[in-house]
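Next up, protein.txt (compact mmCIF, C-alpha atoms):
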```txt
# COMPACT_ATOMS: atom_id res chain seq x y z
CA MET A 1 21.92 41.05 -40.40
CA ASP A 2 21.50 41.74 -36.66
CA ILE A 3 23.19 38.62 -35.33
CA GLU A 4 22.56 39.36 -31.66
CA ALA A 5 18.82 39.61 -32.39
CA LEU A 6 18.91 35.98 -33.56
CA LEU A 7 20.08 34.73 -30.18
CA PRO A 8 16.69 34.20 -28.48
CA GLY A 9 15.46 32.21 -31.47
CA VAL A 10 18.62 30.09 -31.57
CA LYS A 11 18.27 29.40 -27.84
CA ALA A 12 14.68 28.29 -28.34
CA ALA A 13 15.62 26.08 -31.28
CA ALA A 14 18.45 24.44 -29.35
CA ARG A 15 16.16 23.72 -26.39
CA GLU A 16 13.47 22.23 -28.61
CA ALA A 17 16.01 20.04 -30.40
CA GLY A 18 17.25 18.95 -26.98
CA ARG A 19 13.72 18.14 -25.86
CA ARG A 20 13.21 15.91 -28.89
CA ILE A 21 16.52 14.18 -28.27
CA LEU A 22 15.68 13.63 -24.58
CA THR A 23 12.32 12.10 -25.45
CA LEU A 24 14.08 9.33 -27.34
CA TYR A 25 16.97 9.11 -24.85
CA ASP A 26 14.73 8.71 -21.82
CA SER A 27 12.44 6.20 -23.51
CA GLY A 28 15.26 4.17 -25.07
CA ARG A 29 13.07 3.87 -28.16
CA TYR A 30 15.52 4.89 -30.83
CA GLN A 31 17.31 3.16 -33.68
CA ALA A 32 21.09 3.17 -34.10
CA GLU A 33 23.15 2.27 -37.13
CA ARG A 34 26.53 2.94 -38.72
CA LYS A 35 27.24 5.52 -41.41
CA ASP A 36 29.60 4.91 -44.33
CA ASP A 37 32.55 6.19 -42.26
CA ASP A 38 31.62 3.72 -39.46
CA SER A 39 30.55 6.50 -37.09
CA PRO A 40 27.25 5.95 -35.25
CA VAL A 41 24.00 7.72 -36.06
CA THR A 42 20.65 7.35 -34.30
CA SER A 43 17.07 8.32 -34.94
CA ALA A 44 17.64 11.07 -32.33
CA ASP A 45 20.37 12.61 -34.53
CA LEU A 46 17.99 12.54 -37.47
CA ALA A 47 15.02 13.92 -35.53
CA ALA A 48 17.07 16.85 -34.24
CA HIS A 49 18.47 17.46 -37.73
CA ALA A 50 15.01 17.52 -39.33
CA TYR A 51 13.72 19.97 -36.73
CA LEU A 52 16.74 22.32 -36.81
CA ASP A 53 16.93 22.35 -40.60
CA LYS A 54 13.43 23.81 -40.71
CA ALA A 55 13.57 25.99 -37.58
CA LEU A 56 16.84 27.71 -38.44
CA ARG A 57 15.79 28.46 -42.01
CA GLU A 58 12.68 30.12 -40.61
CA LEU A 59 14.77 32.11 -38.13
CA ALA A 60 17.15 33.42 -40.81
CA ASP A 61 16.66 32.53 -44.45
CA VAL A 62 20.16 31.21 -45.11
CA PRO A 63 21.38 27.67 -45.97
CA VAL A 64 21.82 25.00 -43.30
CA LEU A 65 24.87 22.73 -43.36
CA SER A 66 24.41 19.86 -40.91
CA GLU A 67 26.39 16.75 -40.07
CA GLU A 68 23.37 14.75 -41.16
CA GLY A 69 23.18 16.60 -44.48
CA GLY A 70 26.80 17.48 -45.16
CA ASP A 71 27.13 16.18 -48.71
CA ILE A 72 26.67 19.59 -50.34
CA PRO A 73 29.52 20.16 -52.86
CA LEU A 74 31.89 23.11 -52.50
CA SER A 75 30.78 24.37 -55.92
CA GLU A 76 27.41 25.14 -54.31
CA ARG A 77 28.62 26.09 -50.83
CA ARG A 78 31.30 28.57 -51.87
CA SER A 79 28.69 31.13 -52.94
CA TRP A 80 27.13 31.29 -49.45
CA PRO A 81 27.96 34.59 -47.68
CA ARG A 82 26.55 33.12 -44.46
CA TYR A 83 24.99 29.85 -43.36
CA TRP A 84 23.98 27.80 -40.34
CA LEU A 85 26.47 25.08 -39.34
CA VAL A 86 24.88 22.41 -37.16
CA ASP A 87 25.73 19.24 -35.29
CA PRO A 88 22.27 18.09 -34.17
CA LEU A 89 23.69 15.58 -31.67
CA ASP A 90 27.35 15.87 -30.71
CA GLY A 91 28.37 12.85 -28.67
CA THR A 92 26.26 10.15 -30.31
CA GLN A 93 28.38 7.43 -28.67
CA GLU A 94 27.67 8.97 -25.27
CA PHE A 95 23.96 9.08 -26.13
CA ILE A 96 24.04 5.36 -26.93
CA ALA A 97 26.13 4.57 -23.83
CA GLY A 98 23.68 6.49 -21.62
CA SER A 99 26.26 8.84 -20.04
CA GLY A 100 24.26 12.00 -20.72
CA ASP A 101 27.32 13.84 -22.07
CA PHE A 102 25.96 14.95 -25.42
CA SER A 103 24.88 18.26 -26.87
CA THR A 104 23.37 20.15 -29.77
CA MET A 105 25.66 22.62 -31.56
CA ILE A 106 24.55 25.55 -33.70
CA ALA A 107 26.82 28.12 -35.35
CA LEU A 108 26.27 30.93 -37.79
CA ILE A 109 29.19 31.26 -40.22
CA GLU A 110 29.76 34.55 -42.00
CA GLY A 111 32.66 35.19 -44.34
CA GLY A 112 34.27 31.90 -43.33
CA ARG A 113 34.21 32.71 -39.58
CA PRO A 114 31.84 31.68 -36.78
CA VAL A 115 29.96 34.79 -35.62
CA LEU A 116 27.43 33.03 -33.35
CA GLY A 117 27.87 29.84 -31.37
CA MET A 118 25.45 27.83 -29.25
CA VAL A 119 26.05 24.57 -27.36
CA TYR A 120 23.17 23.02 -25.43
CA ALA A 121 23.46 19.93 -23.21
CA PRO A 122 19.85 18.85 -22.63
CA VAL A 123 20.38 16.33 -19.81
CA ALA A 124 21.96 19.01 -17.60
CA ASP A 125 19.90 21.84 -19.16
CA LEU A 126 23.23 23.59 -19.66
CA MET A 127 23.84 26.16 -22.38
CA TYR A 128 26.94 27.99 -23.61
CA TYR A 129 26.66 30.72 -26.22
CA ALA A 130 28.44 33.67 -27.78
CA VAL A 131 28.06 36.32 -30.46
CA ARG A 132 31.24 37.73 -31.96
CA GLY A 133 32.28 40.88 -30.14
CA GLN A 134 29.74 40.39 -27.32
CA GLY A 135 31.50 37.94 -24.97
CA ALA A 136 30.72 34.33 -24.03
CA PHE A 137 28.10 33.14 -21.57
CA LYS A 138 26.96 30.07 -19.64
CA GLU A 139 23.33 29.54 -18.66
CA ALA A 140 22.49 26.96 -16.00
CA GLY A 141 19.79 26.72 -13.36
CA GLY A 142 18.12 29.85 -14.69
CA ARG A 143 21.28 31.91 -14.11
CA VAL A 144 23.39 33.50 -16.84
CA VAL A 145 27.07 34.30 -16.19
CA ARG A 146 29.78 35.61 -18.46
CA ILE A 147 32.64 33.14 -18.81
CA HIS A 148 36.36 33.61 -19.31
CA ALA A 149 39.15 31.23 -20.24
CA ARG A 150 41.80 30.71 -17.60
CA HIS A 151 44.87 32.90 -18.10
CA HIS A 152 48.01 32.61 -16.00
CA ASP A 153 50.25 35.29 -14.54
CA PRO A 154 53.29 35.50 -16.86
CA ALA A 155 55.47 36.18 -13.83
CA CYS A 156 54.32 32.96 -12.17
CA PRO A 157 53.95 30.19 -14.81
CA PRO A 158 51.85 27.20 -13.72
CA ASN A 159 53.34 23.86 -12.70
CA ARG A 160 49.98 22.08 -13.02
CA LEU A 161 47.49 22.15 -15.88
CA ARG A 162 43.95 20.81 -16.24
CA ILE A 163 43.40 18.76 -19.40
CA ALA A 164 39.95 17.88 -20.73
CA ILE A 165 39.92 14.41 -22.28
CA SER A 166 37.39 12.00 -23.73
CA ARG A 167 36.04 9.25 -21.53
CA ARG A 168 36.95 6.90 -24.40
CA GLN A 169 40.43 8.29 -24.95
CA ASN A 170 43.52 6.30 -24.01
CA VAL A 171 44.90 8.12 -20.95
CA ASP A 172 48.43 6.79 -21.49
CA TRP A 173 48.33 8.14 -25.06
CA VAL A 174 47.39 11.58 -23.77
CA ARG A 175 50.08 11.59 -21.11
CA SER A 176 52.72 10.48 -23.62
CA ARG A 177 52.14 13.70 -25.57
CA LEU A 178 52.52 16.01 -22.57
CA SER A 179 55.78 17.34 -21.16
CA ASP A 180 57.05 15.62 -18.01
CA ALA A 181 57.98 19.04 -16.62
CA LEU A 182 54.42 19.75 -15.47
CA GLU A 183 51.72 17.99 -13.47
CA TYR A 184 48.31 17.37 -15.02
CA GLN A 185 44.77 16.89 -13.80
CA LEU A 186 42.78 14.95 -16.39
CA LEU A 187 39.08 15.85 -16.68
CA PRO A 188 37.15 13.13 -18.56
CA LEU A 189 33.98 14.12 -20.42
CA GLY A 190 31.99 12.86 -23.40
CA SER A 191 30.93 15.41 -26.00
CA SER A 192 33.75 17.19 -27.85
CA SER A 193 31.89 20.49 -27.64
CA LEU A 194 31.51 20.27 -23.86
CA LYS A 195 35.25 19.70 -23.45
CA SER A 196 36.01 22.86 -25.41
CA CYS A 197 33.43 24.69 -23.31
CA LEU A 198 35.29 23.58 -20.15
CA VAL A 199 38.27 25.47 -21.52
CA ALA A 200 36.08 28.48 -22.36
CA GLU A 201 34.79 28.73 -18.79
CA GLY A 202 38.25 28.33 -17.23
CA ALA A 203 37.65 24.84 -15.80
CA ALA A 204 40.33 23.34 -18.08
CA ASP A 205 43.49 24.69 -19.71
CA LEU A 206 43.59 22.43 -22.75
CA TYR A 207 41.57 20.06 -24.86
CA MET A 208 43.47 18.20 -27.57
CA ARG A 209 41.50 16.37 -30.24
CA ILE A 210 43.30 13.84 -32.41
CA GLY A 211 41.02 12.08 -34.87
CA PRO A 212 38.34 12.89 -37.42
CA THR A 213 35.87 15.68 -36.75
CA GLY A 214 33.74 17.80 -39.06
CA GLU A 215 33.50 21.56 -39.30
CA TRP A 216 30.14 21.26 -37.48
CA ASP A 217 32.10 19.92 -34.47
CA THR A 218 34.02 23.16 -33.99
CA GLY A 219 32.05 26.08 -35.46
CA ALA A 220 29.94 26.83 -32.38
CA THR A 221 32.69 26.17 -29.85
CA GLN A 222 35.23 28.26 -31.75
CA CYS A 223 33.01 31.31 -31.38
CA ILE A 224 32.42 30.59 -27.68
CA VAL A 225 36.09 29.88 -26.88
CA GLU A 226 37.37 32.95 -28.72
CA GLU A 227 34.82 35.24 -27.09
CA ALA A 228 35.91 33.80 -23.71
CA GLY A 229 39.52 34.75 -24.45
CA GLY A 230 40.82 31.35 -25.57
CA LYS A 231 41.81 29.86 -28.90
CA LEU A 232 40.72 26.88 -30.97
CA LEU A 233 43.54 26.07 -33.41
CA ASP A 234 44.92 23.34 -35.60
CA LEU A 235 48.07 21.63 -34.34
CA GLY A 236 50.17 24.07 -36.35
CA LEU A 237 48.61 26.81 -34.18
CA GLY A 238 46.64 28.16 -37.14
CA ARG A 239 42.98 29.16 -37.21
CA LEU A 240 40.54 26.54 -38.47
CA SER A 241 38.82 27.36 -41.76
CA TYR A 242 35.16 26.98 -42.71
CA ASN A 243 33.65 26.32 -46.12
CA ARG A 244 36.99 26.67 -47.86
CA ARG A 245 37.68 23.08 -48.95
CA ASP A 246 35.95 20.22 -50.73
CA SER A 247 36.27 18.18 -47.55
CA LEU A 248 34.42 19.26 -44.42
CA ILE A 249 36.76 17.19 -42.23
CA ASN A 250 38.83 19.22 -39.76
CA PRO A 251 42.52 18.80 -39.09
CA ASN A 252 43.47 17.66 -35.59
CA PHE A 253 42.94 20.59 -33.24
CA ILE A 254 43.55 21.96 -29.76
CA THR A 255 41.48 24.27 -27.58
CA LEU A 256 43.66 26.53 -25.44
CA GLY A 257 42.69 28.75 -22.56
CA ASP A 258 45.91 30.75 -22.42
CA GLU A 259 47.64 31.02 -25.79
CA SER A 260 50.70 32.63 -24.19
CA LEU A 261 51.83 29.42 -22.48
CA PRO A 262 54.71 27.56 -24.22
CA TRP A 263 52.44 24.98 -25.84
CA GLN A 264 55.06 23.75 -28.31
CA GLU A 265 57.09 22.60 -25.32
CA ILE A 266 54.15 21.37 -23.27
CA LEU A 267 52.81 19.26 -26.14
CA LYS A 268 56.21 17.78 -26.99
CA GLY A 269 56.21 19.27 -30.44
CA GLU A 270 52.69 18.03 -31.28
CA ALA A 271 51.56 21.60 -31.75
```

Written as structure tokens, that's how I'd like the structure from this file.
Amino acid sequence: MDIEALLPGVKAAAREAGRRILTLYDSGRYQAERKDDDSPVTSADLAAHAYLDKALRELADVPVLSEEGGDIPLSERRSWPRYWLVDPLDGTQEFIAGSGDFSTMIALIEGGRPVLGMVYAPVADLMYYAVRGQGAFKEAGGRVVRIHARHHDPACPPNRLRIAISRRQNVDWVRSRLSDALEYQLLPLGSSSLKSCLVAEGAADLYMRIGPTGEWDTGATQCIVEEAGGKLLDLGLGRLSYNRRDSLINPNFITLGDESLPWQEILKGEA
């Protein structure tokens, strides 16, 4: 499969899903309810899911695993050599709150690894994408630039780091898990994917996610971050796995720009 050749179609699908989400967002005419795990879901999530499930299958005839259709058992999934992994609307709480910090995430998983990643934030018309081995890119205002995670000179270690955090995260909790030896600039944002993308483009050094997420929350960003020269790892500093377990719930994870920094000291042993 020529993965790079899929990119224009994935871009178009992400933009169309974003357009459908924005139609409901701008009008305010959507329904919201709670799923069994008490997380929110809206008619915008479901509309984007329905569109992407069809559009991506037409683009490449492989299965689609989406947050809004993630009850496929491992006994069926384990035979998939490749599949689409989708979060139709990442940041549903931000959608409901009206902050605009939400996105659509699309990944192609092959052999248990993300080989294509796409994150599209429709309010800002902002897109991040990557294909394994081809680098990571940001598209905004009609301009495409290659992005790189921020790396520090080993001979001059930083005394100040930029940390991406959730707008709804307890700031004191975050600070309590960071070494007092450094200074920190906290960068609040909504969607989990956009915070990882901040690390990928060098605007942040770290994003630490404690709490439940699904594999669809990290597949696209893992490809983007890695192609930008960063890492997305579990707190044991191991690579996240895809389609290997009955559960699709991720462990807690961190997105790092510069893996060479002494993160086990910076994170007070959390990593």

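Restricting the calculation to all atoms listed in the file, the smallest distance between Phe102 in chain A and any of A:Ser27, A:Asp90, A:Met118, A:Trp84 is found for A:Asp90.
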
Subject >> Point (44.4, 29.3, -26.7), cut-off 12 Å, counting all atoms listed in the file, residues as an NGL selection string >> reply: :A and (148-152 or 196 or 199-200 or 202 or 204-208 or 222 or 225-235 or 237-239 or 253-263 or 271)

**OP:** Would you kindly return, as a list in words, each protein, DNA or RNA residue with an atom no farther than 12 Å from any atom of Gly111 in chain A, considering only C-alpha atoms and excluding same-chain residues fewer than 3 positions away?
**Re:**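 Residues meeting the cut-off are Arg77, Arg78, Ser79, Trp80, Pro81, Arg82, Tyr83, Leu108, Pro114, Val115, Ser241, Tyr242, Asn243 and Arg244 of chain A.
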
Original post:
Near Gln93 in chain A, counting all atoms listed in the file, which residues have an atom at most 10 Å away, once you skip same-chain residues fewer than 6 positions from it, shown as a PyMOL selection string?
Top reply: chain A and resi 39-42+99+101-102+168+190-191

Subject >> Contacts of Asp45 in chain A within 8 Å, only C-alpha atoms, excl. fewer than 4 positions in-chain, as a PyMOL selection string >> reply: chain A and resi 21+41+49+68+88-89+92

**OP:** Would you mind listing what lies within 12 Å of Val174 in chain A as a PyMOL selection string, with only C-alpha atoms counted and same-chain residues fewer than 2 positions away left out?
**Re:** chain A and resi 163-172+176-180+184-188+206-210+266-268+270

Please produce a file of those selected residues containing C-alpha atoms, as a CSV table (one decimal), keeping the file's coordinate frame.
```csv
chain,number,residue,atom,x,y,z
A,163,ILE,CA,43.4,18.8,-19.4
A,164,ALA,CA,40.0,17.9,-20.7
A,165,ILE,CA,39.9,14.4,-22.3
A,166,SER,CA,37.4,12.0,-23.7
A,167,ARG,CA,36.0,9.2,-21.5
A,168,ARG,CA,37.0,6.9,-24.4
A,169,GLN,CA,40.4,8.3,-25.0
A,170,ASN,CA,43.5,6.3,-24.0
A,171,VAL,CA,44.9,8.1,-21.0
A,172,ASP,CA,48.4,6.8,-21.5
A,176,SER,CA,52.7,10.5,-23.6
A,177,ARG,CA,52.1,13.7,-25.6
A,178,LEU,CA,52.5,16.0,-22.6
A,179,SER,CA,55.8,17.3,-21.2
A,180,ASP,CA,57.0,15.6,-18.0
A,184,TYR,CA,48.3,17.4,-15.0
A,185,GLN,CA,44.8,16.9,-13.8
A,186,LEU,CA,42.8,15.0,-16.4
A,187,LEU,CA,39.1,15.8,-16.7
A,188,PRO,CA,37.2,13.1,-18.6
A,206,LEU,CA,43.6,22.4,-22.8
A,207,TYR,CA,41.6,20.1,-24.9
A,208,MET,CA,43.5,18.2,-27.6
A,209,ARG,CA,41.5,16.4,-30.2
A,210,ILE,CA,43.3,13.8,-32.4
A,266,ILE,CA,54.2,21.4,-23.3
A,267,LEU,CA,52.8,19.3,-26.1
A,268,LYS,CA,56.2,17.8,-27.0
A,270,GLU,CA,52.7,18.0,-31.3
```

Original post:
Could you name the residues that touch Gly70 in chain A at 12 Å or less, counting all atoms listed in the file, but leaving out those on the same chain fewer than 5 positions away, as JSON, numbers by chain?
Top reply: {"A": [49, 53, 63, 64, 65, 76, 77, 84, 85, 86, 87, 88, 214, 215, 216, 243, 246, 247, 248, 249]}

**OP:** Please indicate the distance in Å from CA of Gly142 in chain A to CA of Gly28 in chain A, rounded to one decimal place.
**Re:**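 So the answer is 27.8 Å.
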
**OP:** Would you be able to write out as a PyMOL selection string which residues have an atom within 8 Å of (17.7, 25.3, -20.7) in the file's coordinates, counting all atoms listed in the file?
**Re:** chain A and resi 15+120+122+125-127+139-142

**OP:** Could you please determine the separation between CA of Tyr25 in chain A and CA of Glu67 in chain A in Å, to one decimal place?
**Re:** 19.5 Å

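Taking CA of Asn250 in chain A and CA of Pro212 in chain A as the two end points, the separation is 6.8 Å.
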